[in-house]
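K.L.:
Please find one structure pasted underneath; my questions will follow.
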Amino acid sequence: MQIDVLGILDVRVNGVSVAPTAPKPRQVLALLALHADQVVPVAALIDELWAGRPPRSARTTLQTYVLQLRDLITVALQEQGSAAGGAPAVSAKDVLVTAPGGYLLVSGEGTSDVREFERLTGQGYRAMDAGDFPGAAGLLRQALDLWSGPAFADVQTGAQLEMEAKRLEESRLCALDQRIEADLRLGRHRELLAELTVLTSRYRAHENLHAQFMLALHRSGRRGEALDVYHKLRSTLVRDLGLEPSARLRRLQQSILVAAPETPLGAEGPLATARAASDAC
């Protein structure tokens, strides 16, 4: 089974998609796929589908959606059996299992983009901690390349999936922050400018990304623009949140302010401050 949720939902059994087009069965599959090989309680599925206001027929309707998913799985298994010249080795009930209190989607020896993302980011963070910045940059770039859009991009999300989508997006931002940090450590400041221009426009109050943009600009000999980034961020924070930039960001601004424009500040200057700002990841 191949499970993709980091973008458009796609679940394939033997290469055949089993993702339904109807919104609610698609929600059920998305939640089961995200938690593949784990029992998803009936209560969680009902809450996802009806947001705390389930109809009296909720359990029966959920069972209907599960049967629809099993029908799609059966078709995929039959195609495998036909290609192999025999009957399928397993049934749809072996793939989408009715368990005590819930349902379980069995991934078998398949792949999951979420699990692969978590594996690669874990390796990338360990490489960062070991000072292997080329390795970290490569691993984190591979992890981020698994994303084709927002998680569950084409799924109608309820409370459960909405929460999971936010969690995954936070994990993606953390990996992005650390990948940029690794690239800065490797002296790729000029290559990062275009990307950071877009990111700081999209995440207007994200201090870490702004700190990295300031540093990349300064290292590219554009100190005035680096200071402009700080002032624009400060205006946004004060206007929208009633907050001043953090002490670490203010120290970064001061470090850039007092340095000569051509000074290639290293790990003991703004980079150390920018790196400290990303420690939460």
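Naming works like this for the structure tokens: A, B, ... for the chains as they're shown, residue 1 at the start of each chain, ligands 1 onward in shown order.
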Ile8 (chain A): which residues within 7 Å, counting only C-alpha atoms, same-chain residues fewer than 3 positions away excluded, as a list in words?
P.N.:
Val5, Phe152, Ala153 and Asp154 of chain A
K.L.:
Name all residues at most 10 Å from Ala216 (chain A) (count only C-alpha atoms; drop same-chain ones fewer than 6 positions away) and give them as number ranges by chain.
P.N.:
A: 184, 187-193, 196, 210, 222-223, 226, 271
K.L.:
I'd like to know which of A:Pro20, A:Pro41, A:Gly124, A:Gly7 is closest to Cys174 (chain A), using only C-alpha atoms.
P.N.:
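Of the candidates, the smallest distance to Cys174 (chain A) is held by A:Gly124.
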K.L.:
For Ala92 (chain A), which of A:Val18, A:Arg119, A:Val198, A:Gly224 is the closest residue, counting only C-alpha atoms?
P.N.:
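With only C-alpha atoms as the atom set, the closest residue is A:Val18.
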K.L.:
Which residues are close to region 175-179 of chain A, i.e. within 9 Å by only C-alpha atoms, leaving aside same-chain residues fewer than 2 positions away? Reply as a list in words.
P.N.:
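Counting only C-alpha atoms, the residues come to Thr121, Gly124, Tyr125, Met128, Phe133, Ala136, Ala137, Gly138, Leu139, Leu140, Arg141, Ala143, Leu144, Glu170, Ser171, Arg172, Leu173, Glu181, Ala182, Asp183, Leu184, Asn208, Leu209, Gln212, Arg275, Ser278 and Cys281 of chain A.
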K.L.:
Save out the residues we just selected, N, CA and C atoms, as an mmCIF file, in the first residue's frame.
P.N.:
data_model
loop_
_atom_site.group_PDB
_atom_site.id
_atom_site.type_symbol
_atom_site.label_atom_id
_atom_site.label_comp_id
_atom_site.auth_asym_id
_atom_site.auth_seq_id
_atom_site.Cartn_x
_atom_site.Cartn_y
_atom_site.Cartn_z
ATOM 1 N N THR A 121 13.438 13.648 8.520
ATOM 2 C CA THR A 121 13.679 14.822 9.370
ATOM 3 C C THR A 121 14.421 14.415 10.636
ATOM 4 N N GLY A 124 17.893 14.130 9.699
ATOM 5 C CA GLY A 124 18.426 15.462 9.431
ATOM 6 C C GLY A 124 18.737 16.226 10.698
ATOM 7 N N TYR A 125 17.858 16.146 11.688
ATOM 8 C CA TYR A 125 18.104 16.843 12.958
ATOM 9 C C TYR A 125 19.322 16.262 13.677
ATOM 10 N N MET A 128 22.336 17.648 12.038
ATOM 11 C CA MET A 128 22.564 19.023 12.491
ATOM 12 C C MET A 128 23.270 19.025 13.838
ATOM 13 N N PHE A 133 26.531 19.499 8.383
ATOM 14 C CA PHE A 133 25.586 20.395 7.712
ATOM 15 C C PHE A 133 25.276 19.978 6.271
ATOM 16 N N ALA A 136 22.795 17.157 6.721
ATOM 17 C CA ALA A 136 21.520 17.658 7.230
ATOM 18 C C ALA A 136 20.735 18.356 6.128
ATOM 19 N N ALA A 137 21.414 19.198 5.359
ATOM 20 C CA ALA A 137 20.732 19.920 4.284
ATOM 21 C C ALA A 137 20.139 18.944 3.277
ATOM 22 N N GLY A 138 20.885 17.903 2.926
ATOM 23 C CA GLY A 138 20.399 16.930 1.958
ATOM 24 C C GLY A 138 19.207 16.145 2.471
ATOM 25 N N LEU A 139 19.283 15.681 3.705
ATOM 26 C CA LEU A 139 18.196 14.893 4.281
ATOM 27 C C LEU A 139 16.925 15.718 4.437
ATOM 28 N N LEU A 140 17.073 16.935 4.928
ATOM 29 C CA LEU A 140 15.901 17.783 5.139
ATOM 30 C C LEU A 140 15.296 18.218 3.809
ATOM 31 N N ARG A 141 16.127 18.396 2.804
ATOM 32 C CA ARG A 141 15.603 18.731 1.475
ATOM 33 C C ARG A 141 14.791 17.556 0.921
ATOM 34 N N ALA A 143 13.196 15.373 2.687
ATOM 35 C CA ALA A 143 11.955 15.325 3.463
ATOM 36 C C ALA A 143 10.953 16.349 2.954
ATOM 37 N N LEU A 144 11.412 17.553 2.698
ATOM 38 C CA LEU A 144 10.516 18.619 2.244
ATOM 39 C C LEU A 144 10.005 18.364 0.831
ATOM 40 N N GLU A 170 3.285 22.482 11.053
ATOM 41 C CA GLU A 170 4.297 22.945 12.001
ATOM 42 C C GLU A 170 5.575 22.126 11.856
ATOM 43 N N SER A 171 5.427 20.827 11.654
ATOM 44 C CA SER A 171 6.596 19.970 11.440
ATOM 45 C C SER A 171 7.323 20.354 10.156
ATOM 46 N N ARG A 172 6.557 20.688 9.117
ATOM 47 C CA ARG A 172 7.171 21.098 7.851
ATOM 48 C C ARG A 172 7.946 22.402 8.020
ATOM 49 N N LEU A 173 7.362 23.369 8.714
ATOM 50 C CA LEU A 173 8.037 24.648 8.940
ATOM 51 C C LEU A 173 9.313 24.464 9.746
ATOM 52 N N GLU A 181 18.879 26.782 7.905
ATOM 53 C CA GLU A 181 19.996 26.948 8.840
ATOM 54 C C GLU A 181 21.226 26.189 8.357
ATOM 55 N N ALA A 182 21.019 24.955 7.902
ATOM 56 C CA ALA A 182 22.143 24.161 7.385
ATOM 57 C C ALA A 182 22.755 24.823 6.159
ATOM 58 N N ASP A 183 21.909 25.347 5.269
ATOM 59 C CA ASP A 183 22.424 26.017 4.070
ATOM 60 C C ASP A 183 23.209 27.277 4.430
ATOM 61 N N LEU A 184 22.754 28.006 5.442
ATOM 62 C CA LEU A 184 23.505 29.181 5.888
ATOM 63 C C LEU A 184 24.870 28.763 6.428
ATOM 64 N N ASN A 208 12.023 33.426 13.038
ATOM 65 C CA ASN A 208 13.194 32.659 12.596
ATOM 66 C C ASN A 208 13.497 32.887 11.118
ATOM 67 N N LEU A 209 12.455 32.842 10.283
ATOM 68 C CA LEU A 209 12.667 33.054 8.858
ATOM 69 C C LEU A 209 13.182 34.458 8.574
ATOM 70 N N GLN A 212 16.863 34.622 9.503
ATOM 71 C CA GLN A 212 17.695 33.995 8.479
ATOM 72 C C GLN A 212 17.792 34.870 7.236
ATOM 73 N N ARG A 275 20.573 31.023 14.902
ATOM 74 C CA ARG A 275 20.505 29.600 15.231
ATOM 75 C C ARG A 275 19.808 29.404 16.564
ATOM 76 N N SER A 278 16.113 29.247 16.373
ATOM 77 C CA SER A 278 15.493 28.051 15.793
ATOM 78 C C SER A 278 15.642 26.838 16.678
ATOM 79 N N CYS A 281 12.877 24.035 17.378
ATOM 80 C CA CYS A 281 12.576 22.926 16.469
ATOM 81 C C CYS A 281 13.317 21.680 16.869
#
K.L.:
Excluding Gly52 (chain A) and any residue of its chain fewer than 4 positions from it, enumerate the residues within 12 Å of it, using only C-alpha atoms, and give them as a list of chain:residue names.
P.N.:
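Selected residues are A:Ala43, A:Ala44, A:Leu45, A:Ile46, A:Asp47, A:Glu48, A:Ala58, A:Gly158, A:Ala159, A:Gln160.
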K.L.:
Rounded to one decimal, what separation in Å do you get between CA of Val229 (chain A) and CA of Leu243 (chain A)?
P.N.:
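Here the two named atoms are 16.3 Å from each other.
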K.L.:
A:Ser91, A:Thr236, A:Gln2, A:Ser220: which is nearest Glu109 (chain A), counting only C-alpha atoms?
P.N.:
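So, comparing all the options, the nearest one is A:Gln2.
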K.L.:
With a distance cut-off of 7 Å and only C-alpha atoms, select the neighbouring residues of Val40 (chain A), excluding the residue or stretch itself and same-chain residues fewer than 4 positions from it, and output the selection as JSON, numbers by chain.
P.N.:
{"A": [32, 44, 102, 103, 104]}
K.L.:
Run DSSP on the backbone and grab whatever in region 77-277 of chain A lands in helix (DSSP H, G or I); send it over as a ChimeraX atom specification.
P.N.:
/A:77-84,92-95,113-129,133-145,159-185,189-202,207-219,223-241,247-258,270-277
K.L.:
How about saving the chosen residues, C-alpha atoms kept, as a CSV table (one decimal), in the first residue's frame?
P.N.:
chain,number,residue,atom,x,y,z
A,77,LEU,CA,-7.1,-6.8,-5.0
A,78,GLN,CA,-9.0,-8.4,-7.8
A,79,GLU,CA,-6.9,-6.6,-10.4
A,80,GLN,CA,-3.8,-8.0,-8.6
A,81,GLY,CA,-5.3,-11.5,-8.6
A,82,SER,CA,-6.1,-11.3,-12.3
A,83,ALA,CA,-2.6,-10.1,-13.1
A,84,ALA,CA,-1.2,-13.0,-11.1
A,92,ALA,CA,-10.7,-6.3,1.7
A,93,LYS,CA,-11.6,-7.1,5.3
A,94,ASP,CA,-7.9,-8.0,5.9
A,95,VAL,CA,-6.8,-4.6,4.6
A,113,ASP,CA,4.9,9.9,2.9
A,114,VAL,CA,4.3,11.0,6.5
A,115,ARG,CA,6.4,8.2,8.0
A,116,GLU,CA,9.1,8.8,5.4
A,117,PHE,CA,9.0,12.6,6.2
A,118,GLU,CA,9.4,11.8,9.9
A,119,ARG,CA,12.3,9.4,9.3
A,120,LEU,CA,14.2,11.8,7.1
A,121,THR,CA,13.7,14.8,9.4
A,122,GLY,CA,14.8,12.8,12.4
A,123,GLN,CA,18.0,11.9,10.6
A,124,GLY,CA,18.4,15.5,9.4
A,125,TYR,CA,18.1,16.8,13.0
A,126,ARG,CA,20.7,14.3,14.2
A,127,ALA,CA,23.0,15.4,11.5
A,128,MET,CA,22.6,19.0,12.5
A,129,ASP,CA,23.4,18.2,16.1
A,133,PHE,CA,25.6,20.4,7.7
A,134,PRO,CA,25.9,19.0,4.2
A,135,GLY,CA,24.2,15.8,5.3
A,136,ALA,CA,21.5,17.7,7.2
A,137,ALA,CA,20.7,19.9,4.3
A,138,GLY,CA,20.4,16.9,2.0
A,139,LEU,CA,18.2,14.9,4.3
A,140,LEU,CA,15.9,17.8,5.1
A,141,ARG,CA,15.6,18.7,1.5
A,142,GLN,CA,14.5,15.2,0.7
A,143,ALA,CA,12.0,15.3,3.5
A,144,LEU,CA,10.5,18.6,2.2
A,145,ASP,CA,10.4,17.3,-1.3
A,159,ALA,CA,-11.8,18.7,13.7
A,160,GLN,CA,-9.5,15.7,13.7
A,161,LEU,CA,-8.0,16.2,10.3
A,162,GLU,CA,-7.7,20.0,10.8
A,163,MET,CA,-5.7,19.4,14.0
A,164,GLU,CA,-3.5,16.9,12.2
A,165,ALA,CA,-3.0,19.2,9.3
A,166,LYS,CA,-1.8,22.0,11.6
A,167,ARG,CA,0.6,19.6,13.4
A,168,LEU,CA,2.1,18.5,10.1
A,169,GLU,CA,2.4,22.0,8.8
A,170,GLU,CA,4.3,22.9,12.0
A,171,SER,CA,6.6,20.0,11.4
A,172,ARG,CA,7.2,21.1,7.9
A,173,LEU,CA,8.0,24.6,8.9
A,174,CYS,CA,10.5,23.3,11.5
A,175,ALA,CA,12.2,21.2,8.9
A,176,LEU,CA,12.3,24.1,6.5
A,177,ASP,CA,13.8,26.3,9.2
A,178,GLN,CA,16.5,23.8,10.0
A,179,ARG,CA,17.3,23.1,6.3
A,180,ILE,CA,17.8,26.9,5.7
A,181,GLU,CA,20.0,26.9,8.8
A,182,ALA,CA,22.1,24.2,7.4
A,183,ASP,CA,22.4,26.0,4.1
A,184,LEU,CA,23.5,29.2,5.9
A,185,ARG,CA,26.2,27.2,7.7
A,189,HIS,CA,23.4,32.8,1.6
A,190,ARG,CA,23.0,34.2,-1.9
A,191,GLU,CA,21.2,31.0,-3.1
A,192,LEU,CA,18.7,31.5,-0.3
A,193,LEU,CA,17.7,35.1,-1.0
A,194,ALA,CA,14.9,34.4,-3.5
A,195,GLU,CA,13.4,31.6,-1.3
A,196,LEU,CA,13.5,33.7,1.9
A,197,THR,CA,11.9,36.7,0.0
A,198,VAL,CA,8.9,34.5,-0.7
A,199,LEU,CA,8.8,32.8,2.7
A,200,THR,CA,9.0,36.0,4.7
A,201,SER,CA,6.2,37.5,2.6
A,202,ARG,CA,4.1,34.4,3.3
A,207,GLU,CA,10.8,35.5,13.5
A,208,ASN,CA,13.2,32.7,12.6
A,209,LEU,CA,12.7,33.1,8.9
A,210,HIS,CA,13.2,36.8,9.1
A,211,ALA,CA,16.3,36.3,11.1
A,212,GLN,CA,17.7,34.0,8.5
A,213,PHE,CA,16.7,36.5,5.7
A,214,MET,CA,18.5,39.3,7.6
A,215,LEU,CA,21.6,37.2,7.9
A,216,ALA,CA,21.6,36.1,4.2
A,217,LEU,CA,21.2,39.7,3.1
A,218,HIS,CA,24.0,40.9,5.3
A,219,ARG,CA,26.3,38.2,4.1
A,223,ARG,CA,23.1,45.4,5.2
A,224,GLY,CA,20.6,48.1,4.6
A,225,GLU,CA,18.1,45.6,3.2
A,226,ALA,CA,18.8,43.3,6.2
A,227,LEU,CA,17.9,46.1,8.6
A,228,ASP,CA,14.8,46.9,6.5
A,229,VAL,CA,13.6,43.3,7.0
A,230,TYR,CA,13.9,43.8,10.8
A,231,HIS,CA,11.9,47.1,10.7
A,232,LYS,CA,9.1,45.6,8.5
A,233,LEU,CA,8.8,42.6,10.9
A,234,ARG,CA,8.7,44.9,13.9
A,235,SER,CA,5.9,46.9,12.3
A,236,THR,CA,4.0,43.8,11.6
A,237,LEU,CA,4.4,42.4,15.1
A,238,VAL,CA,3.5,45.7,16.8
A,239,ARG,CA,0.5,46.4,14.6
A,240,ASP,CA,-1.0,42.9,14.4
A,241,LEU,CA,0.0,41.3,17.7
A,247,ALA,CA,15.5,39.8,22.5
A,248,ARG,CA,17.4,37.4,20.2
A,249,LEU,CA,16.1,39.2,17.1
A,250,ARG,CA,17.0,42.6,18.6
A,251,ARG,CA,20.5,41.3,19.3
A,252,LEU,CA,20.8,40.1,15.7
A,253,GLN,CA,19.7,43.6,14.5
A,254,GLN,CA,22.3,45.3,16.7
A,255,SER,CA,25.0,42.9,15.5
A,256,ILE,CA,24.3,43.8,11.9
A,257,LEU,CA,23.9,47.5,12.7
A,258,VAL,CA,27.4,47.8,14.2
A,270,PRO,CA,24.3,37.0,13.9
A,271,LEU,CA,24.3,33.4,12.8
A,272,ALA,CA,24.6,32.3,16.4
A,273,THR,CA,21.6,34.5,17.3
A,274,ALA,CA,19.6,33.2,14.3
A,275,ARG,CA,20.5,29.6,15.2
A,276,ALA,CA,19.4,30.2,18.8
A,277,ALA,CA,16.1,31.4,17.5
K.L.:
Of the residues A:Leu96, A:Thr74, A:Leu29, A:Thr157, which is the one nearest to Ala51 (chain A), using only C-alpha atoms?
P.N.:
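Using only C-alpha atoms, Ala51 (chain A) sits closest to A:Thr157.
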K.L.:
Neighbours of Thr111 (chain A) within 12 Å (only C-alpha atoms; same-chain residues fewer than 5 positions away dropped), as an NGL selection string?
P.N.:
:A and (1-5 or 10-15 or 33-34 or 36-37 or 106 or 116-117 or 119)
K.L.:
Now that the selection is made, can you save its residues with N, CA and C atoms as a tab-separated table (two decimals), in the first residue's frame?
P.N.:
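As a result, selection_23.tsv now contains:
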chain	number	residue	atom	x	y	z
A	1	MET	N	0.84	-1.20	0.00
A	1	MET	CA	0.00	0.00	0.00
A	1	MET	C	0.88	1.25	0.00
A	2	GLN	N	0.52	2.20	-0.84
A	2	GLN	CA	1.22	3.48	-0.89
A	2	GLN	C	0.27	4.56	-0.39
A	3	ILE	N	0.70	5.27	0.66
A	3	ILE	CA	-0.15	6.28	1.29
A	3	ILE	C	0.49	7.65	1.14
A	4	ASP	N	-0.25	8.58	0.54
A	4	ASP	CA	0.21	9.96	0.40
A	4	ASP	C	-0.86	10.89	0.95
A	5	VAL	N	-0.47	11.71	1.93
A	5	VAL	CA	-1.40	12.71	2.47
A	5	VAL	C	-0.78	14.10	2.47
A	10	ASP	N	-3.92	10.30	-1.67
A	10	ASP	CA	-3.87	9.18	-2.60
A	10	ASP	C	-3.46	7.93	-1.83
A	11	VAL	N	-4.29	6.93	-1.86
A	11	VAL	CA	-3.99	5.63	-1.24
A	11	VAL	C	-4.11	4.59	-2.33
A	12	ARG	N	-3.03	3.84	-2.54
A	12	ARG	CA	-3.01	2.86	-3.63
A	12	ARG	C	-2.74	1.46	-3.08
A	13	VAL	N	-3.51	0.54	-3.53
A	13	VAL	CA	-3.32	-0.88	-3.22
A	13	VAL	C	-2.90	-1.56	-4.52
A	14	ASN	N	-1.68	-2.08	-4.51
A	14	ASN	CA	-1.13	-2.71	-5.73
A	14	ASN	C	-1.15	-1.76	-6.91
A	15	GLY	N	-0.89	-0.48	-6.62
A	15	GLY	CA	-0.84	0.51	-7.69
A	15	GLY	C	-2.18	1.06	-8.12
A	33	ALA	N	-5.77	6.50	6.87
A	33	ALA	CA	-4.46	6.45	6.21
A	33	ALA	C	-3.39	7.14	7.04
A	34	LEU	N	-3.74	8.26	7.64
A	34	LEU	CA	-2.77	8.98	8.48
A	34	LEU	C	-2.32	8.10	9.64
A	36	ALA	N	-2.35	4.76	9.76
A	36	ALA	CA	-2.28	3.38	9.25
A	36	ALA	C	-1.61	2.47	10.25
A	37	ASP	N	-2.14	1.26	10.37
A	37	ASP	CA	-1.65	0.23	11.29
A	37	ASP	C	-1.96	0.54	12.75
A	106	VAL	N	-4.52	-1.54	7.26
A	106	VAL	CA	-3.25	-2.28	7.30
A	106	VAL	C	-2.42	-1.89	6.08
A	116	GLU	N	7.86	8.57	6.04
A	116	GLU	CA	9.14	8.85	5.39
A	116	GLU	C	9.62	10.26	5.74
A	117	PHE	N	8.70	11.20	5.80
A	117	PHE	CA	9.04	12.57	6.21
A	117	PHE	C	9.61	12.57	7.63
A	119	ARG	N	10.99	10.09	9.24
A	119	ARG	CA	12.27	9.38	9.26
A	119	ARG	C	13.41	10.30	8.77
K.L.:
Would you list, as number ranges by chain, the residues of region 35-222 of chain A that end up in strand (DSSP E or B) under DSSP run on this structure's backbone?
P.N.:
A: 40-41, 96-99, 102-105, 111-112
K.L.:
Once you have the residues from the selection above, write them out as a PDB file, in the first residue's frame, restricted to all heavy atoms.
P.N.:
ATOM      1  N   VAL A  40      -8.265   3.360  14.712  1.00  0.00           N
ATOM      2  CA  VAL A  40      -8.885   4.686  14.837  1.00  0.00           C
ATOM      3  C   VAL A  40     -10.264   4.473  15.451  1.00  0.00           C
ATOM      4  O   VAL A  40     -11.111   3.785  14.865  1.00  0.00           O
ATOM      5  CB  VAL A  40      -9.015   5.377  13.469  1.00  0.00           C
ATOM      6  CG1 VAL A  40      -9.695   6.733  13.628  1.00  0.00           C
ATOM      7  CG2 VAL A  40      -7.638   5.542  12.820  1.00  0.00           C
ATOM      8  N   PRO A  41     -10.509   5.026  16.631  1.00  0.00           N
ATOM      9  CA  PRO A  41     -11.788   4.771  17.301  1.00  0.00           C
ATOM     10  C   PRO A  41     -12.978   5.283  16.490  1.00  0.00           C
ATOM     11  O   PRO A  41     -12.887   6.291  15.785  1.00  0.00           O
ATOM     12  CB  PRO A  41     -11.658   5.557  18.617  1.00  0.00           C
ATOM     13  CG  PRO A  41     -10.183   5.698  18.834  1.00  0.00           C
ATOM     14  CD  PRO A  41      -9.588   5.829  17.460  1.00  0.00           C
ATOM     15  N   LEU A  96      -8.790  -3.396   5.427  1.00  0.00           N
ATOM     16  CA  LEU A  96      -9.499  -2.434   6.274  1.00  0.00           C
ATOM     17  C   LEU A  96     -10.233  -3.247   7.325  1.00  0.00           C
ATOM     18  O   LEU A  96     -11.300  -3.804   7.077  1.00  0.00           O
ATOM     19  CB  LEU A  96     -10.467  -1.588   5.445  1.00  0.00           C
ATOM     20  CG  LEU A  96     -10.818  -0.203   6.002  1.00  0.00           C
ATOM     21  CD1 LEU A  96     -11.738   0.547   5.035  1.00  0.00           C
ATOM     22  CD2 LEU A  96     -11.446  -0.249   7.372  1.00  0.00           C
ATOM     23  N   VAL A  97      -9.624  -3.350   8.489  1.00  0.00           N
ATOM     24  CA  VAL A  97     -10.038  -4.297   9.527  1.00  0.00           C
ATOM     25  C   VAL A  97     -11.016  -3.649  10.497  1.00  0.00           C
ATOM     26  O   VAL A  97     -10.822  -2.502  10.929  1.00  0.00           O
ATOM     27  CB  VAL A  97      -8.801  -4.806  10.301  1.00  0.00           C
ATOM     28  CG1 VAL A  97      -9.209  -5.754  11.422  1.00  0.00           C
ATOM     29  CG2 VAL A  97      -7.815  -5.459   9.348  1.00  0.00           C
ATOM     30  N   THR A  98     -12.067  -4.382  10.836  1.00  0.00           N
ATOM     31  CA  THR A  98     -12.939  -3.978  11.935  1.00  0.00           C
ATOM     32  C   THR A  98     -12.312  -4.484  13.227  1.00  0.00           C
ATOM     33  O   THR A  98     -12.186  -5.692  13.440  1.00  0.00           O
ATOM     34  CB  THR A  98     -14.347  -4.575  11.776  1.00  0.00           C
ATOM     35  OG1 THR A  98     -14.915  -4.116  10.544  1.00  0.00           O
ATOM     36  CG2 THR A  98     -15.240  -4.144  12.943  1.00  0.00           C
ATOM     37  N   ALA A  99     -11.890  -3.538  14.068  1.00  0.00           N
ATOM     38  CA  ALA A  99     -11.220  -3.876  15.332  1.00  0.00           C
ATOM     39  C   ALA A  99     -12.127  -3.494  16.492  1.00  0.00           C
ATOM     40  O   ALA A  99     -13.084  -2.740  16.322  1.00  0.00           O
ATOM     41  CB  ALA A  99      -9.894  -3.116  15.425  1.00  0.00           C
ATOM     42  N   GLY A 102     -13.149   0.269  16.814  1.00  0.00           N
ATOM     43  CA  GLY A 102     -12.788   1.132  15.700  1.00  0.00           C
ATOM     44  C   GLY A 102     -12.402   0.368  14.455  1.00  0.00           C
ATOM     45  O   GLY A 102     -12.764  -0.802  14.283  1.00  0.00           O
ATOM     46  N   TYR A 103     -11.636   1.036  13.605  1.00  0.00           N
ATOM     47  CA  TYR A 103     -11.191   0.449  12.333  1.00  0.00           C
ATOM     48  C   TYR A 103      -9.690   0.658  12.173  1.00  0.00           C
ATOM     49  O   TYR A 103      -9.114   1.621  12.697  1.00  0.00           O
ATOM     50  CB  TYR A 103     -11.931   1.075  11.157  1.00  0.00           C
ATOM     51  CG  TYR A 103     -13.416   0.818  11.170  1.00  0.00           C
ATOM     52  CD1 TYR A 103     -14.296   1.759  11.704  1.00  0.00           C
ATOM     53  CD2 TYR A 103     -13.937  -0.373  10.666  1.00  0.00           C
ATOM     54  CE1 TYR A 103     -15.664   1.523  11.735  1.00  0.00           C
ATOM     55  CE2 TYR A 103     -15.308  -0.617  10.690  1.00  0.00           C
ATOM     56  CZ  TYR A 103     -16.163   0.339  11.228  1.00  0.00           C
ATOM     57  OH  TYR A 103     -17.512   0.095  11.267  1.00  0.00           O
ATOM     58  N   LEU A 104      -9.073  -0.232  11.409  1.00  0.00           N
ATOM     59  CA  LEU A 104      -7.626  -0.209  11.222  1.00  0.00           C
ATOM     60  C   LEU A 104      -7.310  -0.463   9.757  1.00  0.00           C
ATOM     61  O   LEU A 104      -7.791  -1.445   9.181  1.00  0.00           O
ATOM     62  CB  LEU A 104      -6.974  -1.260  12.121  1.00  0.00           C
ATOM     63  CG  LEU A 104      -5.455  -1.423  12.094  1.00  0.00           C
ATOM     64  CD1 LEU A 104      -4.959  -1.890  13.456  1.00  0.00           C
ATOM     65  CD2 LEU A 104      -5.034  -2.448  11.024  1.00  0.00           C
ATOM     66  N   LEU A 105      -6.511   0.441   9.156  1.00  0.00           N
ATOM     67  CA  LEU A 105      -6.049   0.264   7.786  1.00  0.00           C
ATOM     68  C   LEU A 105      -4.654  -0.355   7.830  1.00  0.00           C
ATOM     69  O   LEU A 105      -3.729   0.227   8.403  1.00  0.00           O
ATOM     70  CB  LEU A 105      -6.007   1.609   7.060  1.00  0.00           C
ATOM     71  CG  LEU A 105      -5.694   1.561   5.561  1.00  0.00           C
ATOM     72  CD1 LEU A 105      -6.830   0.885   4.796  1.00  0.00           C
ATOM     73  CD2 LEU A 105      -5.447   2.964   5.020  1.00  0.00           C
ATOM     74  N   THR A 111       4.335   2.014   1.797  1.00  0.00           N
ATOM     75  CA  THR A 111       5.020   3.257   2.139  1.00  0.00           C
ATOM     76  C   THR A 111       4.013   4.314   2.564  1.00  0.00           C
ATOM     77  O   THR A 111       2.845   4.272   2.169  1.00  0.00           O
ATOM     78  CB  THR A 111       5.825   3.790   0.935  1.00  0.00           C
ATOM     79  OG1 THR A 111       4.913   4.097  -0.137  1.00  0.00           O
ATOM     80  CG2 THR A 111       6.853   2.779   0.462  1.00  0.00           C
ATOM     81  N   SER A 112       4.496   5.257   3.361  1.00  0.00           N
ATOM     82  CA  SER A 112       3.687   6.389   3.812  1.00  0.00           C
ATOM     83  C   SER A 112       4.553   7.630   3.736  1.00  0.00           C
ATOM     84  O   SER A 112       5.660   7.647   4.293  1.00  0.00           O
ATOM     85  CB  SER A 112       3.201   6.164   5.247  1.00  0.00           C
ATOM     86  OG  SER A 112       2.777   7.378   5.833  1.00  0.00           O
TER      87      SER A 112
END
K.L.:
How many Å lie between CA of Val16 (chain A) and CA of Pro100 (chain A), rounded to one decimal?
P.N.:
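A separation of 28.3 Å between them.
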K.L.:
Which residue gives the smallest distance to Val42 (chain A) among A:Gln27, A:Gly101, A:Leu6, A:Asp71, with only C-alpha atoms counted?
P.N.:
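Closest residue, counting only C-alpha atoms: A:Gly101.
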K.L.:
Which distance in Å separates CA of Trp50 (chain A) and CA of Ser148 (chain A), to one decimal?
P.N.:
27.9 Å
